[in-house]
Amino acid sequence: MRGIGVGSLLCCLALNSWGYLVEASTYRVTSFSELQSAVSNLEDGDIIELGSDIVFASTLSLRYVSNVSITSAEGQQYELDGDNEVRLFDVVGATVDFTNLKMVNGKGNALYAGGLQIRSSSKLSFDNIVFQGHQILDTTLAGGALTIEDSEVTFSSCTFDSNLVSGGAGGSAVRLESSEANFTSCDFTNNVASAGIGGALHLNRATSVVLREVNFIKNKQSQGYSA
């Protein structure tokens, strides 16, 4: 068992990305310091389970791990809150499932998204996630909630609400670069690209996107189409 200082740690066996059995852990966290410690110790197959809302003090990196899950305790949908100060996650070359969470109030900059920056052949899934209140307030090549580069991402039963990009290329909710994305039963509402293209989505460089039962409501942009 890995001995680290987090709220609660359980261990079991799981298959890693090469098909071998490895020790997998479930980290139960209720504070940013516990979440930060869990993320820094993640290995293939591990699970992070939130037991409360958590406000971020800095951006966390998920790098080169496989079959990792981040979720709320059963029956809950806890918040990961950037406090209008920091981006939530940088994801690099990782395979991660996010379920039953609210990701809110992230803040990005000219190159990086407010909520999550996803790149380098990452494979992510988001199920029952709310992306709300993320923002970038300068000229940007990033998306308000997510920027996805050279990766594969699926979204199911997700809501993108009131995300903002104030300049540059737009994509107030999601910007896709050379990536594949599937959206099923998702809602885009009240997202704004005040000086760019794409009030909800901005696609670039032959991005592949599949939309099934997706609603776009009251999204705004200064150029092009609102979606």
# chains A, B, ... in the order shown; residues from 1 in each chain; ligands from 1

call {"tool": "residues_around", "arguments": {"residues": "region 176-181 of chain A", "least_positions_apart": "5", "cutoff": "7 Å", "atoms": "only C-alpha atoms", "output": "list of chain:residue names"}}
result
A:Thr147, A:Ile148, A:Glu149, A:Asp150, A:Ser151, A:Glu152, A:Val153, A:Thr154, A:His202, A:Leu203, A:Asn204, A:Arg205, A:Ala206, A:Thr207, A:Ser208, A:Val209, A:Val210

call {"tool": "residues_around", "arguments": {"residues": "Thr59 (chain A)", "least_positions_apart": "5", "cutoff": "9 Å", "atoms": "only C-alpha atoms", "output": "MDAnalysis selection string"}}
result
chainID A and resid 82 86:90

call {"tool": "select_by_dssp", "arguments": {"residues": "region 23-77 of chain A", "states": "strand (DSSP E or B)", "output": "list of chain:residue names"}}
result
A:Glu23, A:Ala24, A:Ser25, A:Thr26, A:Tyr27, A:Arg28, A:Val29, A:Ile47, A:Ile48, A:Glu49, A:Leu50, A:Ile54, A:Val55, A:Leu60, A:Ser61, A:Leu62, A:Arg63, A:Val68, A:Ser69, A:Ile70, A:Thr71, A:Ser72

call {"tool": "write_last_selection", "arguments": {"atoms": "N, CA and C atoms", "output": "PDB file, in the first residue's frame"}}
result
ATOM      1  N   GLU A  23      -1.448  -2.580  -8.407  1.00  0.00           N
ATOM      2  CA  GLU A  23      -2.147  -2.075  -7.234  1.00  0.00           C
ATOM      3  C   GLU A  23      -2.812  -0.751  -7.582  1.00  0.00           C
ATOM      4  N   ALA A  24      -4.128  -0.668  -7.389  1.00  0.00           N
ATOM      5  CA  ALA A  24      -4.873   0.555  -7.661  1.00  0.00           C
ATOM      6  C   ALA A  24      -5.449   1.080  -6.362  1.00  0.00           C
ATOM      7  N   SER A  25      -5.525   2.390  -6.250  1.00  0.00           N
ATOM      8  CA  SER A  25      -5.957   3.015  -5.008  1.00  0.00           C
ATOM      9  C   SER A  25      -7.163   3.909  -5.238  1.00  0.00           C
ATOM     10  N   THR A  26      -8.010   4.026  -4.221  1.00  0.00           N
ATOM     11  CA  THR A  26      -9.092   5.004  -4.200  1.00  0.00           C
ATOM     12  C   THR A  26      -8.771   6.045  -3.141  1.00  0.00           C
ATOM     13  N   TYR A  27      -8.604   7.300  -3.573  1.00  0.00           N
ATOM     14  CA  TYR A  27      -8.316   8.401  -2.664  1.00  0.00           C
ATOM     15  C   TYR A  27      -9.617   9.157  -2.384  1.00  0.00           C
ATOM     16  N   ARG A  28     -10.013   9.238  -1.130  1.00  0.00           N
ATOM     17  CA  ARG A  28     -11.198   9.993  -0.750  1.00  0.00           C
ATOM     18  C   ARG A  28     -10.746  11.316  -0.165  1.00  0.00           C
ATOM     19  N   VAL A  29     -11.126  12.420  -0.832  1.00  0.00           N
ATOM     20  CA  VAL A  29     -10.552  13.725  -0.499  1.00  0.00           C
ATOM     21  C   VAL A  29     -11.655  14.731  -0.181  1.00  0.00           C
ATOM     22  N   ILE A  47      -8.506   5.888  -8.461  1.00  0.00           N
ATOM     23  CA  ILE A  47      -9.749   6.645  -8.395  1.00  0.00           C
ATOM     24  C   ILE A  47      -9.610   7.743  -7.358  1.00  0.00           C
ATOM     25  N   ILE A  48     -10.066   8.949  -7.706  1.00  0.00           N
ATOM     26  CA  ILE A  48     -10.192  10.040  -6.733  1.00  0.00           C
ATOM     27  C   ILE A  48     -11.675  10.292  -6.523  1.00  0.00           C
ATOM     28  N   GLU A  49     -12.121  10.219  -5.273  1.00  0.00           N
ATOM     29  CA  GLU A  49     -13.524  10.406  -4.935  1.00  0.00           C
ATOM     30  C   GLU A  49     -13.667  11.619  -4.016  1.00  0.00           C
ATOM     31  N   LEU A  50     -14.438  12.607  -4.474  1.00  0.00           N
ATOM     32  CA  LEU A  50     -14.636  13.816  -3.694  1.00  0.00           C
ATOM     33  C   LEU A  50     -15.702  13.601  -2.623  1.00  0.00           C
ATOM     34  N   ILE A  54     -14.505  21.604  -3.414  1.00  0.00           N
ATOM     35  CA  ILE A  54     -13.093  21.945  -3.223  1.00  0.00           C
ATOM     36  C   ILE A  54     -12.751  23.186  -4.039  1.00  0.00           C
ATOM     37  N   VAL A  55     -12.131  24.168  -3.387  1.00  0.00           N
ATOM     38  CA  VAL A  55     -11.651  25.386  -4.048  1.00  0.00           C
ATOM     39  C   VAL A  55     -10.160  25.222  -4.349  1.00  0.00           C
ATOM     40  N   LEU A  60      -3.764  21.900 -11.224  1.00  0.00           N
ATOM     41  CA  LEU A  60      -3.234  20.556 -11.033  1.00  0.00           C
ATOM     42  C   LEU A  60      -2.970  19.892 -12.382  1.00  0.00           C
ATOM     43  N   SER A  61      -1.924  19.064 -12.456  1.00  0.00           N
ATOM     44  CA  SER A  61      -1.530  18.407 -13.698  1.00  0.00           C
ATOM     45  C   SER A  61      -1.795  16.910 -13.626  1.00  0.00           C
ATOM     46  N   LEU A  62      -2.487  16.405 -14.649  1.00  0.00           N
ATOM     47  CA  LEU A  62      -2.695  14.966 -14.829  1.00  0.00           C
ATOM     48  C   LEU A  62      -1.851  14.551 -16.020  1.00  0.00           C
ATOM     49  N   ARG A  63      -0.751  13.845 -15.777  1.00  0.00           N
ATOM     50  CA  ARG A  63       0.237  13.593 -16.823  1.00  0.00           C
ATOM     51  C   ARG A  63       0.546  12.101 -16.942  1.00  0.00           C
ATOM     52  N   VAL A  68      -7.659   6.404 -15.114  1.00  0.00           N
ATOM     53  CA  VAL A  68      -7.890   7.116 -13.856  1.00  0.00           C
ATOM     54  C   VAL A  68      -9.312   7.675 -13.854  1.00  0.00           C
ATOM     55  N   SER A  69      -9.951   7.685 -12.678  1.00  0.00           N
ATOM     56  CA  SER A  69     -11.296   8.229 -12.537  1.00  0.00           C
ATOM     57  C   SER A  69     -11.314   9.299 -11.456  1.00  0.00           C
ATOM     58  N   ILE A  70     -12.043  10.386 -11.733  1.00  0.00           N
ATOM     59  CA  ILE A  70     -12.271  11.438 -10.737  1.00  0.00           C
ATOM     60  C   ILE A  70     -13.772  11.656 -10.654  1.00  0.00           C
ATOM     61  N   THR A  71     -14.348  11.496  -9.454  1.00  0.00           N
ATOM     62  CA  THR A  71     -15.793  11.473  -9.315  1.00  0.00           C
ATOM     63  C   THR A  71     -16.204  12.008  -7.948  1.00  0.00           C
ATOM     64  N   SER A  72     -17.494  12.246  -7.776  1.00  0.00           N
ATOM     65  CA  SER A  72     -18.048  12.590  -6.468  1.00  0.00           C
ATOM     66  C   SER A  72     -18.458  11.321  -5.735  1.00  0.00           C
TER      67      SER A  72
END

call {"tool": "closest_residue", "arguments": {"among": "A:Ile118, A:Val96, A:Ala113, A:Val192", "to": "Leu141 (chain A)", "atoms": "only C-alpha atoms"}}
result
A:Ala113

call {"tool": "residues_around", "arguments": {"residues": "Leu42 (chain A)", "least_positions_apart": "3", "cutoff": "8 Å", "atoms": "only C-alpha atoms", "output": "count of residues only"}}
result
5

call {"tool": "residues_around", "arguments": {"residues": "Tyr78 (chain A)", "least_positions_apart": "3", "cutoff": "12 Å", "atoms": "only C-alpha atoms", "output": "list in words"}}
result
Val29, Thr30, Ser31, Glu49, Leu50, Gly51, Ser52, Asp53, Ile54, Val55, Ile70, Thr71, Ser72, Ala73, Glu74, Gly75, Asp81, Phe98, Thr99, Asn100, Leu101, Lys102, Met103, Val104, Asn128, Ile129 and Val130 of chain A

call {"tool": "decode", "arguments": {"residues": "region 178-198 of chain A", "atoms": "N, CA, C and O atoms", "output": "CSV table (one decimal), in the first residue's frame"}}
result
chain,number,residue,atom,x,y,z
A,178,SER,N,-7.4,19.9,-33.9
A,178,SER,CA,-6.9,18.6,-34.4
A,178,SER,C,-7.3,17.4,-33.5
A,178,SER,O,-6.5,16.6,-33.1
A,179,SER,N,-8.6,17.4,-33.0
A,179,SER,CA,-9.0,16.5,-32.1
A,179,SER,C,-10.4,15.9,-32.5
A,179,SER,O,-11.0,16.4,-33.4
A,180,GLU,N,-10.8,14.8,-31.8
A,180,GLU,CA,-12.0,14.2,-32.0
A,180,GLU,C,-12.9,14.4,-30.7
A,180,GLU,O,-12.4,14.1,-29.6
A,181,ALA,N,-14.2,14.8,-30.9
A,181,ALA,CA,-15.0,15.0,-29.8
A,181,ALA,C,-16.4,14.5,-30.1
A,181,ALA,O,-16.9,14.6,-31.2
A,182,ASN,N,-17.1,13.8,-29.1
A,182,ASN,CA,-18.4,13.4,-29.2
A,182,ASN,C,-19.2,14.0,-28.1
A,182,ASN,O,-18.9,13.9,-26.9
A,183,PHE,N,-20.4,14.6,-28.5
A,183,PHE,CA,-21.2,15.2,-27.5
A,183,PHE,C,-22.6,14.5,-27.6
A,183,PHE,O,-23.2,14.5,-28.7
A,184,THR,N,-23.1,14.0,-26.5
A,184,THR,CA,-24.4,13.3,-26.4
A,184,THR,C,-25.2,13.9,-25.3
A,184,THR,O,-24.7,13.9,-24.1
A,185,SER,N,-26.4,14.3,-25.6
A,185,SER,CA,-27.3,14.9,-24.5
A,185,SER,C,-26.7,16.0,-23.7
A,185,SER,O,-26.7,15.9,-22.5
A,186,CYS,N,-26.1,17.0,-24.4
A,186,CYS,CA,-25.5,18.1,-23.8
A,186,CYS,C,-26.2,19.4,-24.1
A,186,CYS,O,-26.8,19.5,-25.1
A,187,ASP,N,-26.0,20.4,-23.2
A,187,ASP,CA,-26.6,21.7,-23.3
A,187,ASP,C,-25.5,22.8,-23.3
A,187,ASP,O,-24.7,22.7,-22.4
A,188,PHE,N,-25.6,23.7,-24.3
A,188,PHE,CA,-24.7,24.9,-24.3
A,188,PHE,C,-25.6,26.1,-24.1
A,188,PHE,O,-26.4,26.4,-25.0
A,189,THR,N,-25.5,26.8,-23.0
A,189,THR,CA,-26.4,27.9,-22.7
A,189,THR,C,-25.6,29.1,-22.2
A,189,THR,O,-24.7,29.0,-21.4
A,190,ASN,N,-25.9,30.3,-22.7
A,190,ASN,CA,-25.4,31.6,-22.2
A,190,ASN,C,-23.9,31.7,-22.3
A,190,ASN,O,-23.3,32.4,-21.5
A,191,ASN,N,-23.3,31.0,-23.2
A,191,ASN,CA,-21.8,31.2,-23.4
A,191,ASN,C,-21.5,32.4,-24.3
A,191,ASN,O,-22.3,32.6,-25.3
A,192,VAL,N,-20.5,33.1,-24.1
A,192,VAL,CA,-20.2,34.4,-24.8
A,192,VAL,C,-18.8,34.4,-25.3
A,192,VAL,O,-17.8,34.3,-24.5
A,193,ALA,N,-18.6,34.6,-26.6
A,193,ALA,CA,-17.3,35.0,-27.2
A,193,ALA,C,-17.4,36.4,-27.7
A,193,ALA,O,-17.9,36.7,-28.8
A,194,SER,N,-17.1,37.4,-26.8
A,194,SER,CA,-17.4,38.8,-27.0
A,194,SER,C,-16.6,39.4,-28.2
A,194,SER,O,-17.0,40.5,-28.7
A,195,ALA,N,-15.5,38.8,-28.6
A,195,ALA,CA,-14.7,39.4,-29.6
A,195,ALA,C,-14.1,38.3,-30.6
A,195,ALA,O,-13.1,38.5,-31.1
A,196,GLY,N,-14.8,37.2,-30.7
A,196,GLY,CA,-14.3,36.1,-31.4
A,196,GLY,C,-15.3,35.3,-32.2
A,196,GLY,O,-16.5,35.7,-32.3
A,197,ILE,N,-14.9,34.1,-32.6
A,197,ILE,CA,-15.8,33.2,-33.4
A,197,ILE,C,-16.2,32.0,-32.5
A,197,ILE,O,-15.4,31.4,-31.9
A,198,GLY,N,-17.5,31.7,-32.6
A,198,GLY,CA,-18.0,30.6,-31.9
A,198,GLY,C,-18.5,30.9,-30.5
A,198,GLY,O,-17.7,30.9,-29.6
